[in-house]
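Student: Quick one: the structure is below, and I'll ask about it shortly.
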Amino acid sequence: MIEGARFREVMASFPGGVVILTAFGDDHQPRGLTVSAFCAASLDPPLALVCIDKKSNTLPAVQHTGGFTANILAAGREQLARRMATKLSDKFGGIAWHRPESKIGGPVLKDDTAAYAVCTLRDTMEAGDHWILIGLVTEGHHVEGVTPMVFTRRAYS
Ligand SMILES: Cc1cc2nc3c(=O)[nH]c(=O)nc-3n(C[C@H](O)[C@H](O)[C@H](O)COP(=O)(O)O)c2cc1C
């Protein structure tokens with residue numbers, strides 16, 4: 001089996017976008033974390049998948065509401081990506097967000113996204129120390145002219 005540090009180096013060479021996955025907790029407060037493991041899984045039906053660490057404090061909120069919002073970050077939002085990658089209890093102070101049409105989704109970060117997708121949780125699969133969450137995309141929007149953030153080899157561009 002490949003050694004952990006080498007596995008990370010290999011995977012970090014695959015460029016990807018940066019998503020802030022959000023959901024509302026049972027206290028109705030917004031929760032969220034930074035995620036790079038996000039991709040489309042099916043066109044018909046429209047499915048997206050995301051891989052979340054079993055230790056994530058955002059997971060109970062996703063399980064509670066049965067859904068989440070994938071906020072695809074715009075370029076230049078490194079500070080937000082770093083903040084959402086912490087374990088702070090209130091990560092949303094001073095951040096503009098609104099509720100999606102669907103009650104199942106999490107906060108939409110309107111000023112910071114190139115696009116967003118609201119997902120209803122459809123399946124959960126165990127994958128080592130992560131869960132693979134498969135969501136049915138019920139709502140979404142992209143902002144014409146806004147460049148998405150790219151993350152590769154631990155650098156934002
Ligand atoms: C660029 C970047 C990508 C990340 N991708 C993931 C990911 O795909 N899945 C994951 O579980 N954590 C990922 N993380 C780590 C989480 O954001 C971090 O563990 C966070 O503190 C979890 O917050 P929570 O416990 O409040 O949910 C990533 C962090 C960064 C900076």
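Residues in the structure tokens are named by chain (A, B, ... in the order shown) and by number from 1 within that chain; ligands are numbered from 1 in the order shown.
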Taking only C-alpha atoms and all ligand atoms into account, which residues have an atom no farther than 8 Å from ligand 1? I'd like them as an mmCIF file with C-alpha atoms, in the first residue's frame.
Tutor:
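selection-v2.cif, written as the output of this step:
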```cif
data_model
loop_
_atom_site.group_PDB
_atom_site.id
_atom_site.type_symbol
_atom_site.label_atom_id
_atom_site.label_comp_id
_atom_site.auth_asym_id
_atom_site.auth_seq_id
_atom_site.Cartn_x
_atom_site.Cartn_y
_atom_site.Cartn_z
ATOM 1 C CA VAL A 18 -13.147 24.382 -3.983
ATOM 2 C CA VAL A 19 -16.604 23.914 -2.479
ATOM 3 C CA ARG A 31 -22.685 24.845 9.469
ATOM 4 C CA GLY A 32 -20.110 24.284 6.751
ATOM 5 C CA LEU A 33 -16.698 23.071 5.700
ATOM 6 C CA THR A 34 -14.249 23.435 2.808
ATOM 7 C CA VAL A 35 -14.253 20.463 0.432
ATOM 8 C CA SER A 36 -12.288 19.614 -2.706
ATOM 9 C CA ALA A 37 -13.694 16.087 -3.118
ATOM 10 C CA PHE A 38 -16.804 17.069 -5.077
ATOM 11 C CA VAL A 50 -18.887 14.630 -2.037
ATOM 12 C CA CYS A 51 -16.459 12.883 0.349
ATOM 13 C CA ILE A 52 -16.580 14.031 3.977
ATOM 14 C CA ASP A 53 -14.302 13.085 6.864
ATOM 15 C CA LYS A 54 -16.166 11.019 9.477
ATOM 16 C CA LYS A 55 -14.923 13.504 12.112
ATOM 17 C CA SER A 56 -16.559 16.518 10.398
ATOM 18 C CA ASN A 57 -18.742 18.636 12.695
ATOM 19 C CA THR A 58 -20.890 19.542 9.664
ATOM 20 C CA LEU A 59 -22.002 15.933 9.040
ATOM 21 C CA ALA A 81 -11.751 28.668 2.127
ATOM 22 C CA ARG A 82 -9.254 28.769 5.024
ATOM 23 C CA MET A 84 -14.276 27.093 6.566
ATOM 24 C CA ALA A 85 -11.426 24.587 6.907
ATOM 25 C CA THR A 86 -11.133 25.337 10.650
ATOM 26 C CA LYS A 87 -13.023 23.832 13.583
ATOM 27 C CA LEU A 88 -14.408 27.204 14.738
ATOM 28 C CA SER A 89 -17.942 26.916 16.147
ATOM 29 C CA HIS A 130 -14.668 9.313 4.968
ATOM 30 C CA PHE A 151 -6.877 24.344 -5.900
ATOM 31 C CA ARG A 154 -1.993 22.956 -1.806
ATOM 32 C CA TYR A 156 -5.201 28.386 -4.602
#
```
Student: If you run DSSP over the backbone, which residues in range 26-88 of chain A end up alpha helix (DSSP H)? Put them as an MDAnalysis selection string.
Tutor: chainID A and resid 59:65 78:84
Student: Using only C-alpha atoms, please write the residues we just selected to a file, as a compact mmCIF listing (two decimals), in the first residue's frame.
Tutor:
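As a result, again-v2.txt now contains:
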```txt
# COMPACT_ATOMS: atom_id res chain seq x y z
CA LEU A 59 -22.00 15.93 9.04
CA PRO A 60 -24.71 15.84 11.75
CA ALA A 61 -26.31 18.92 10.14
CA VAL A 62 -26.38 17.18 6.72
CA GLN A 63 -27.91 14.08 8.32
CA HIS A 64 -30.41 16.18 10.28
CA THR A 65 -31.80 18.05 7.27
CA GLU A 78 -8.87 32.04 -0.14
CA GLN A 79 -9.65 33.59 3.24
CA LEU A 80 -13.12 32.07 3.21
CA ALA A 81 -11.75 28.67 2.13
CA ARG A 82 -9.25 28.77 5.02
CA ARG A 83 -11.85 29.85 7.55
CA MET A 84 -14.28 27.09 6.57
```
Student: Once DSSP has gone over the backbone, tell me which residues of chain A are in strand (DSSP E), as a PyMOL selection string.
Tutor: chain A and resi 19-24+30-35+38-42+47-53+67-73+113-127+130-142+151-152+155-156
Student: Please identify all polymer residues within 9 Å of range 117-124 of chain A, counting only C-alpha atoms, omitting same-chain residues fewer than 2 positions from it, and present them as a PyMOL selection string.
Tutor: chain A and resi 47-48+62-63+65-72+100+102+104-106+108+115+126+131-142
Student: Go ahead and write the residues just picked, N, CA and C atoms, as an mmCIF file, in the first residue's frame.
Tutor:
```cif
data_model
loop_
_atom_site.group_PDB
_atom_site.id
_atom_site.type_symbol
_atom_site.label_atom_id
_atom_site.label_comp_id
_atom_site.auth_asym_id
_atom_site.auth_seq_id
_atom_site.Cartn_x
_atom_site.Cartn_y
_atom_site.Cartn_z
ATOM 1 N N LEU A 47 -26.973 13.691 -10.320
ATOM 2 C CA LEU A 47 -26.398 13.347 -9.012
ATOM 3 C C LEU A 47 -25.009 13.952 -8.883
ATOM 4 N N ALA A 48 -24.676 14.385 -7.675
ATOM 5 C CA ALA A 48 -23.327 14.865 -7.372
ATOM 6 C C ALA A 48 -22.846 14.122 -6.137
ATOM 7 N N VAL A 62 -25.958 17.765 8.006
ATOM 8 C CA VAL A 62 -26.384 17.177 6.722
ATOM 9 C C VAL A 62 -27.362 16.032 6.994
ATOM 10 N N GLN A 63 -27.034 15.216 7.991
ATOM 11 C CA GLN A 63 -27.908 14.075 8.317
ATOM 12 C C GLN A 63 -29.242 14.570 8.879
ATOM 13 N N THR A 65 -30.875 17.468 8.257
ATOM 14 C CA THR A 65 -31.796 18.051 7.265
ATOM 15 C C THR A 65 -32.017 17.118 6.073
ATOM 16 N N GLY A 66 -31.108 16.148 5.879
ATOM 17 C CA GLY A 66 -31.220 15.259 4.724
ATOM 18 C C GLY A 66 -30.804 15.938 3.437
ATOM 19 N N GLY A 67 -29.916 16.908 3.540
ATOM 20 C CA GLY A 67 -29.453 17.588 2.328
ATOM 21 C C GLY A 67 -28.343 18.570 2.632
ATOM 22 N N PHE A 68 -27.845 19.206 1.562
ATOM 23 C CA PHE A 68 -26.742 20.166 1.708
ATOM 24 C C PHE A 68 -26.702 21.067 0.487
ATOM 25 N N THR A 69 -25.951 22.145 0.607
ATOM 26 C CA THR A 69 -25.675 23.002 -0.547
ATOM 27 C C THR A 69 -24.174 22.968 -0.828
ATOM 28 N N ALA A 70 -23.815 22.749 -2.092
ATOM 29 C CA ALA A 70 -22.418 22.819 -2.523
ATOM 30 C C ALA A 70 -22.196 24.202 -3.138
ATOM 31 N N ASN A 71 -21.473 25.062 -2.418
ATOM 32 C CA ASN A 71 -21.158 26.411 -2.896
ATOM 33 C C ASN A 71 -19.805 26.365 -3.607
ATOM 34 N N ILE A 72 -19.801 26.523 -4.912
ATOM 35 C CA ILE A 72 -18.562 26.443 -5.703
ATOM 36 C C ILE A 72 -17.899 27.821 -5.668
ATOM 37 N N PRO A 100 -31.758 28.653 0.555
ATOM 38 C CA PRO A 100 -32.220 28.257 -0.775
ATOM 39 C C PRO A 100 -33.730 28.053 -0.756
ATOM 40 N N SER A 102 -35.340 25.330 -1.412
ATOM 41 C CA SER A 102 -35.602 24.049 -0.750
ATOM 42 C C SER A 102 -35.148 24.105 0.704
ATOM 43 N N ILE A 104 -34.308 21.734 2.431
ATOM 44 C CA ILE A 104 -33.312 20.685 2.651
ATOM 45 C C ILE A 104 -31.881 21.203 2.489
ATOM 46 N N GLY A 105 -31.729 22.274 1.698
ATOM 47 C CA GLY A 105 -30.395 22.788 1.423
ATOM 48 C C GLY A 105 -29.822 23.616 2.558
ATOM 49 N N GLY A 106 -28.504 23.865 2.481
ATOM 50 C CA GLY A 106 -27.825 24.720 3.444
ATOM 51 C C GLY A 106 -27.694 26.128 2.905
ATOM 52 N N VAL A 108 -26.691 29.493 1.110
ATOM 53 C CA VAL A 108 -26.064 29.845 -0.164
ATOM 54 C C VAL A 108 -25.201 31.088 0.086
ATOM 55 N N ALA A 115 -20.979 29.341 -8.627
ATOM 56 C CA ALA A 115 -22.187 28.534 -8.838
ATOM 57 C C ALA A 115 -22.537 27.859 -7.516
ATOM 58 N N GLU A 126 -19.749 4.177 2.941
ATOM 59 C CA GLU A 126 -18.535 4.279 3.746
ATOM 60 C C GLU A 126 -17.319 4.112 2.837
ATOM 61 N N TRP A 131 -17.031 9.468 4.528
ATOM 62 C CA TRP A 131 -18.310 9.046 3.964
ATOM 63 C C TRP A 131 -18.429 9.641 2.565
ATOM 64 N N ILE A 132 -18.933 8.865 1.631
ATOM 65 C CA ILE A 132 -19.281 9.411 0.313
ATOM 66 C C ILE A 132 -20.769 9.736 0.371
ATOM 67 N N LEU A 133 -21.088 11.007 0.216
ATOM 68 C CA LEU A 133 -22.484 11.434 0.206
ATOM 69 C C LEU A 133 -22.909 11.648 -1.240
ATOM 70 N N ILE A 134 -23.992 11.006 -1.641
ATOM 71 C CA ILE A 134 -24.507 11.190 -2.998
ATOM 72 C C ILE A 134 -25.799 11.985 -2.898
ATOM 73 N N GLY A 135 -25.821 13.114 -3.607
ATOM 74 C CA GLY A 135 -26.981 14.009 -3.528
ATOM 75 C C GLY A 135 -27.678 14.159 -4.866
ATOM 76 N N LEU A 136 -29.004 14.198 -4.822
ATOM 77 C CA LEU A 136 -29.809 14.526 -6.004
ATOM 78 C C LEU A 136 -29.879 16.046 -6.083
ATOM 79 N N VAL A 137 -29.405 16.613 -7.196
ATOM 80 C CA VAL A 137 -29.371 18.075 -7.316
ATOM 81 C C VAL A 137 -30.768 18.573 -7.702
ATOM 82 N N THR A 138 -31.354 19.374 -6.809
ATOM 83 C CA THR A 138 -32.741 19.820 -7.016
ATOM 84 C C THR A 138 -32.814 21.290 -7.420
ATOM 85 N N GLU A 139 -31.721 22.013 -7.216
ATOM 86 C CA GLU A 139 -31.734 23.458 -7.456
ATOM 87 C C GLU A 139 -30.294 23.877 -7.708
ATOM 88 N N GLY A 140 -30.087 24.855 -8.582
ATOM 89 C CA GLY A 140 -28.722 25.301 -8.827
ATOM 90 C C GLY A 140 -28.702 26.571 -9.651
ATOM 91 N N HIS A 141 -27.549 27.197 -9.650
ATOM 92 C CA HIS A 141 -27.421 28.474 -10.344
ATOM 93 C C HIS A 141 -25.941 28.711 -10.611
ATOM 94 N N HIS A 142 -25.599 29.268 -11.770
ATOM 95 C CA HIS A 142 -24.214 29.695 -11.957
ATOM 96 C C HIS A 142 -24.187 31.164 -12.364
#
```
Student: For CA of Gly76 in chain A and CA of Phe92 in chain A, quote the distance in Å rounded to one decimal.
Tutor: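 Atom-to-atom, CA of Gly76 in chain A to CA of Phe92 in chain A, that is 17.9 Å.
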Student: Could you tell me how far CA of Pro148 in chain A lies from CA of Gly17 in chain A, in Å and to one decimal?
Tutor: 7.0 Å
Student: Excluding range 5-13 of chain A and its own-chain neighbours fewer than 3 positions away, which residues fall within 10 Å of it when counting only C-alpha atoms? Please give them as a ChimeraX atom specification.
Tutor: /A:1-2,16,151-155
Student: Which residue gives the smallest distance to Ile20 in chain A among A:Thr147, A:Arg99, A:Arg77, A:Asp90, with only C-alpha atoms counted?
Tutor: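 With only C-alpha atoms as the atom set, the closest residue is A:Arg77.
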Student: Report, in Å to a single decimal, how far apart CA of Pro15 in chain A and CA of Asp129 in chain A are.
Tutor: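 Interatomic distance here is 22.0 Å.
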Student: Restricting the calculation to only C-alpha atoms: of A:Leu73, A:Leu43, A:Ala96, A:Val146, which residue gets closest to Lys110 in chain A?
Tutor: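 Of all the options, A:Ala96 lies closest to Lys110 in chain A.
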